Amino acid sequence: MKTKILEINPKKIDLAKIKIAAEEIKKGNLVAFPTETVYGLGADALNEKAVAKIFQAKGRPFNDPLIAHIADIKELYRLSKQVPPIALKLAKAFWPGPLTLVLKKSELVSGIVTADLDTVAVRMPADNIALSLIRETKTPIAAPSANLFGKTSPTTAQHVVDDLGGKIEMIIDGGKTKVGVESTVLDVTVEPVRVLRAGGISVEKLKEVIGQVKMSKELEEGFRSPGMLNSHYSPQAKLILVEKKGDAQVEEIRMLASKYIVQGLKVGIMAKEENQNKYDRFEVKVIGKGTELEICAANLFAILRNFDKEGFEIIIAEGLKEHDLGLAIMERLRKAAAPK
Ligand code: TXA
Ligand code: MG
């Protein structure tokens, strides 16, 4: 299959092009499109055959449920007949935006979308291309991140081409995504609500709106037990995350880098800007200032993919502070560093 690439300027949306993409989705085909977080691989959420193609293209197991993307809050009430007041409060505060709500599903939603769970994940993305596309298709769009299963999520159309070129009908190129990490997934069927995946809306921001928020067990324990992890977000290179702080972090990274270089391996370091100069004998890519976590999040996946493109075999990453978007970044780095 030849994958068509449709360039759309997010600041000046060409509705004729959106209509072409919407037609593909209505026909039951796959279209990758930008959201504010990462690129999504979209299909008509109400068409089982179309949704099945998503799993096939990504190599994703059917037991991993998808997010349904909507452009109008009314759609939430079609996908779920039990929308608790707290969900509406959250939707009003954070939609459109990088927050996914998990609610009891309605009969409209097929088990192929939800991995046969009785819940459905719903979000309204804060991206004009995504919103126009959903509006134009007049159906919720099921979309996981548009990467091969287990790999680093895509933040540019080129990343999608690299993983899924030749396997899907169309990719909308709307430039680089803003947030760079996926949405926060929040289960609102339980009290207090529970964060299942840290993401673009920080726990601090959630707490400002609804007070109490629980972390899923995995997040609470900070994935300290690597044996239990399923690896995810993985670059091709082996990723080593060094969570020590300050000088001890720099020292350990230098030591590890030297060790692997002696073994003849190509080693790259992903460092905070303030530490860049401390690795002058080594190859370094800067994720951003340690205090500018939004910038770090926006750069994270592209840096991992760039290391791969340049043939690095080992990536050693500095851990970041675990507040605000730092939590989402660290969750991803820990999974990416988990044994395959
Ligand atoms: O930012 C995002 O969320 C991006 C963009 C494209 O919207 N999408 C994304 O989708 O990251 P995906 O499929 O890569 O991740 C969705 C996550 C998975 O961890 C899945 O297990 C969880 O949401 N999820 C989906 N439905 C669920 C449900 N009913 N209950 C619990 N978790 C669910
Ligand atoms: Mg994903």
# chains A, B, ... in the order shown; residues from 1 in each chain; ligands from 1
>>> closest_atom_pairs(of="chain A", to="ligand 1", cutoff="8 Å", atoms="only C-alpha atoms and all ligand atoms", output="JSON lines")
{"residue": "A:Pro34", "atom": "CA", "partner": "ligand 1", "partner_atom_place_in_ligand_line": "6 (C)", "distance": 7.6}
{"residue": "A:Thr35", "atom": "CA", "partner": "ligand 1", "partner_atom_place_in_ligand_line": "5 (C)", "distance": 6.2}
{"residue": "A:Glu36", "atom": "CA", "partner": "ligand 1", "partner_atom_place_in_ligand_line": "1 (O)", "distance": 7.5}
{"residue": "A:Thr37", "atom": "CA", "partner": "ligand 1", "partner_atom_place_in_ligand_line": "1 (O)", "distance": 4.8}
{"residue": "A:Val38", "atom": "CA", "partner": "ligand 1", "partner_atom_place_in_ligand_line": "5 (C)", "distance": 5.4}
{"residue": "A:Tyr39", "atom": "CA", "partner": "ligand 1", "partner_atom_place_in_ligand_line": "6 (C)", "distance": 5.3}
{"residue": "A:Gly40", "atom": "CA", "partner": "ligand 1", "partner_atom_place_in_ligand_line": "6 (C)", "distance": 3.5}
{"residue": "A:Leu41", "atom": "CA", "partner": "ligand 1", "partner_atom_place_in_ligand_line": "6 (C)", "distance": 6.8}
{"residue": "A:Asp64", "atom": "CA", "partner": "ligand 1", "partner_atom_place_in_ligand_line": "21 (O)", "distance": 5.1}
{"residue": "A:Pro65", "atom": "CA", "partner": "ligand 1", "partner_atom_place_in_ligand_line": "26 (N)", "distance": 4.3}
{"residue": "A:Leu66", "atom": "CA", "partner": "ligand 1", "partner_atom_place_in_ligand_line": "25 (C)", "distance": 4.4}
{"residue": "A:Ile67", "atom": "CA", "partner": "ligand 1", "partner_atom_place_in_ligand_line": "25 (C)", "distance": 5.0}
{"residue": "A:His69", "atom": "CA", "partner": "ligand 1", "partner_atom_place_in_ligand_line": "7 (O)", "distance": 7.1}
{"residue": "A:Pro98", "atom": "CA", "partner": "ligand 1", "partner_atom_place_in_ligand_line": "1 (O)", "distance": 5.9}
{"residue": "A:Leu99", "atom": "CA", "partner": "ligand 1", "partner_atom_place_in_ligand_line": "3 (O)", "distance": 7.4}
{"residue": "A:Thr100", "atom": "CA", "partner": "ligand 1", "partner_atom_place_in_ligand_line": "3 (O)", "distance": 6.6}
{"residue": "A:Val102", "atom": "CA", "partner": "ligand 1", "partner_atom_place_in_ligand_line": "29 (N)", "distance": 5.6}
{"residue": "A:Leu103", "atom": "CA", "partner": "ligand 1", "partner_atom_place_in_ligand_line": "29 (N)", "distance": 7.2}
{"residue": "A:Val113", "atom": "CA", "partner": "ligand 1", "partner_atom_place_in_ligand_line": "26 (N)", "distance": 7.7}
{"residue": "A:Thr114", "atom": "CA", "partner": "ligand 1", "partner_atom_place_in_ligand_line": "29 (N)", "distance": 5.2}
{"residue": "A:Ala115", "atom": "CA", "partner": "ligand 1", "partner_atom_place_in_ligand_line": "29 (N)", "distance": 7.5}
{"residue": "A:Leu117", "atom": "CA", "partner": "ligand 1", "partner_atom_place_in_ligand_line": "29 (N)", "distance": 6.0}
{"residue": "A:Asp118", "atom": "CA", "partner": "ligand 1", "partner_atom_place_in_ligand_line": "29 (N)", "distance": 7.1}
{"residue": "A:Thr119", "atom": "CA", "partner": "ligand 1", "partner_atom_place_in_ligand_line": "29 (N)", "distance": 4.4}
{"residue": "A:Val120", "atom": "CA", "partner": "ligand 1", "partner_atom_place_in_ligand_line": "29 (N)", "distance": 4.0}
{"residue": "A:Ala121", "atom": "CA", "partner": "ligand 1", "partner_atom_place_in_ligand_line": "26 (N)", "distance": 4.3}
{"residue": "A:Val122", "atom": "CA", "partner": "ligand 1", "partner_atom_place_in_ligand_line": "26 (N)", "distance": 7.8}
{"residue": "A:Arg123", "atom": "CA", "partner": "ligand 1", "partner_atom_place_in_ligand_line": "7 (O)", "distance": 7.2}
{"residue": "A:Pro125", "atom": "CA", "partner": "ligand 1", "partner_atom_place_in_ligand_line": "7 (O)", "distance": 6.7}
{"residue": "A:Ala143", "atom": "CA", "partner": "ligand 1", "partner_atom_place_in_ligand_line": "6 (C)", "distance": 5.5}
{"residue": "A:Pro144", "atom": "CA", "partner": "ligand 1", "partner_atom_place_in_ligand_line": "13 (O)", "distance": 3.3}
{"residue": "A:Ser145", "atom": "CA", "partner": "ligand 1", "partner_atom_place_in_ligand_line": "14 (O)", "distance": 4.1}
{"residue": "A:Ala146", "atom": "CA", "partner": "ligand 1", "partner_atom_place_in_ligand_line": "6 (C)", "distance": 7.0}
{"residue": "A:Ser153", "atom": "CA", "partner": "ligand 1", "partner_atom_place_in_ligand_line": "14 (O)", "distance": 7.7}
{"residue": "A:Val181", "atom": "CA", "partner": "ligand 1", "partner_atom_place_in_ligand_line": "1 (O)", "distance": 6.7}
{"residue": "A:Glu182", "atom": "CA", "partner": "ligand 1", "partner_atom_place_in_ligand_line": "1 (O)", "distance": 3.3}
{"residue": "A:Ser183", "atom": "CA", "partner": "ligand 1", "partner_atom_place_in_ligand_line": "1 (O)", "distance": 3.7}
{"residue": "A:Thr184", "atom": "CA", "partner": "ligand 1", "partner_atom_place_in_ligand_line": "3 (O)", "distance": 6.9}
{"residue": "A:Val185", "atom": "CA", "partner": "ligand 1", "partner_atom_place_in_ligand_line": "23 (O)", "distance": 6.0}
{"residue": "A:Asp187", "atom": "CA", "partner": "ligand 1", "partner_atom_place_in_ligand_line": "31 (C)", "distance": 6.9}
{"residue": "A:Leu196", "atom": "CA", "partner": "ligand 1", "partner_atom_place_in_ligand_line": "32 (N)", "distance": 6.8}
{"residue": "A:Arg197", "atom": "CA", "partner": "ligand 1", "partner_atom_place_in_ligand_line": "19 (O)", "distance": 6.7}
{"residue": "A:Gly199", "atom": "CA", "partner": "ligand 1", "partner_atom_place_in_ligand_line": "1 (O)", "distance": 7.7}
{"residue": "A:Gly200", "atom": "CA", "partner": "ligand 1", "partner_atom_place_in_ligand_line": "1 (O)", "distance": 7.6}
>>> write_last_selection(atoms="C-alpha atoms", output="short mmCIF file (atom, residue, chain, number, x, y, z; two decimals), in the first residue's frame")
data_model
loop_
_atom_site.label_atom_id
_atom_site.label_comp_id
_atom_site.auth_asym_id
_atom_site.auth_seq_id
_atom_site.Cartn_x
_atom_site.Cartn_y
_atom_site.Cartn_z
CA PRO A 34 -1.59 15.04 14.88
CA THR A 35 -2.96 15.76 18.33
CA GLU A 36 -1.44 18.11 20.89
CA THR A 37 0.22 15.12 22.62
CA VAL A 38 1.48 12.67 19.99
CA TYR A 39 0.30 11.52 16.56
CA GLY A 40 -2.67 9.15 16.71
CA LEU A 41 -3.59 6.29 14.38
CA ASP A 64 -4.86 -3.25 25.06
CA PRO A 65 -7.87 -0.90 24.83
CA LEU A 66 -8.07 2.25 22.69
CA ILE A 67 -9.06 5.85 23.40
CA HIS A 69 -11.51 10.84 20.50
CA PRO A 98 -4.44 15.96 27.23
CA LEU A 99 -6.76 14.22 29.68
CA THR A 100 -8.43 10.87 28.99
CA VAL A 102 -12.23 6.16 31.70
CA LEU A 103 -15.99 5.69 32.21
CA VAL A 113 -12.29 -0.78 21.26
CA THR A 114 -12.31 -1.51 24.99
CA ALA A 115 -10.57 -4.90 25.02
CA LEU A 117 -13.76 -4.15 29.43
CA ASP A 118 -17.03 -2.56 30.56
CA THR A 119 -15.33 0.83 30.47
CA VAL A 120 -14.33 3.16 27.64
CA ALA A 121 -11.55 5.75 27.50
CA VAL A 122 -12.59 9.12 25.99
CA ARG A 123 -10.74 12.32 25.26
CA PRO A 125 -7.83 16.59 21.92
CA ALA A 143 -6.75 6.21 18.06
CA PRO A 144 -3.72 4.86 19.85
CA SER A 145 -0.36 6.52 19.42
CA ALA A 146 0.72 6.00 15.79
CA SER A 153 5.49 7.41 20.41
CA VAL A 181 3.89 12.98 25.94
CA GLU A 182 0.52 11.22 25.80
CA SER A 183 -2.59 12.21 27.72
CA THR A 184 -3.10 11.49 31.39
CA VAL A 185 -5.44 8.49 31.74
CA ASP A 187 -10.31 6.27 35.89
CA LEU A 196 -3.74 5.00 35.36
CA ARG A 197 -1.11 6.75 33.26
CA GLY A 199 0.61 12.39 31.10
CA GLY A 200 0.07 15.85 29.71
#
>>> residues_around(residues="Leu79 of chain A", least_positions_apart="6", cutoff="7 Å", atoms="only C-alpha atoms", output="list in words")
Lys105, Ser106, Leu108 and Val109 of chain A
>>> write_last_selection(atoms="N, CA and C atoms", output="compact mmCIF listing (two decimals), in the first residue's frame")
# COMPACT_ATOMS: atom_id res chain seq x y z
N LYS A 105 -18.88 2.09 29.79
CA LYS A 105 -19.19 2.26 28.36
C LYS A 105 -20.68 2.05 28.07
N SER A 106 -21.15 2.65 26.99
CA SER A 106 -22.52 2.40 26.54
C SER A 106 -22.52 1.25 25.55
N LEU A 108 -23.19 1.32 22.55
CA LEU A 108 -22.68 1.78 21.25
C LEU A 108 -21.23 1.36 21.03
N VAL A 109 -20.50 1.21 22.13
CA VAL A 109 -19.05 0.98 22.03
C VAL A 109 -18.76 -0.52 21.99
>>> closest_atom_pairs(of="segment 78-188 of chain A", to="segment 5-25 of chain A", cutoff="8 Å", atoms="only C-alpha atoms", output="CSV")
residue,atom,partner,partner_atom,distance
A:Asn128,CA,A:Pro10,CA,6.5
A:Ile129,CA,A:Pro10,CA,6.1
A:Ser132,CA,A:Ile18,CA,6.9
A:Leu133,CA,A:Ile18,CA,5.8
A:Ile134,CA,A:Ala22,CA,7.7
A:Glu136,CA,A:Ala22,CA,6.0
A:Thr137,CA,A:Ala22,CA,5.0
A:Glu169,CA,A:Glu24,CA,7.6
A:Met170,CA,A:Ile5,CA,5.8
A:Ile171,CA,A:Ile5,CA,4.9
A:Ile172,CA,A:Leu6,CA,4.7
A:Asp173,CA,A:Glu7,CA,4.6
A:Gly174,CA,A:Ile8,CA,5.3
A:Gly175,CA,A:Asn9,CA,7.9
>>> residues_around(residues="Leu46 of chain A", least_positions_apart="4", cutoff="9 Å", atoms="only C-alpha atoms", output="ChimeraX atom specification")
/A:50-51,108-110,113,139-142
>>> write_last_selection(atoms="C-alpha atoms", output="mmCIF file, in the first residue's frame")
data_model
loop_
_atom_site.group_PDB
_atom_site.id
_atom_site.type_symbol
_atom_site.label_atom_id
_atom_site.label_comp_id
_atom_site.auth_asym_id
_atom_site.auth_seq_id
_atom_site.Cartn_x
_atom_site.Cartn_y
_atom_site.Cartn_z
ATOM 1 C CA ALA A 50 -11.785 -0.477 10.837
ATOM 2 C CA VAL A 51 -10.753 -0.661 14.483
ATOM 3 C CA LEU A 108 -22.681 1.778 21.255
ATOM 4 C CA VAL A 109 -19.053 0.978 22.029
ATOM 5 C CA SER A 110 -17.771 -2.340 20.729
ATOM 6 C CA VAL A 113 -12.290 -0.776 21.258
ATOM 7 C CA THR A 139 -18.032 9.816 14.433
ATOM 8 C CA PRO A 140 -15.728 9.287 17.408
ATOM 9 C CA ILE A 141 -12.247 8.327 16.239
ATOM 10 C CA ALA A 142 -10.463 5.479 18.001
#
>>> closest_residue(among="A:Lys178, A:Val83, A:Glu283, A:Ala91", to="Val190 of chain A", atoms="only C-alpha atoms")
A:Val83
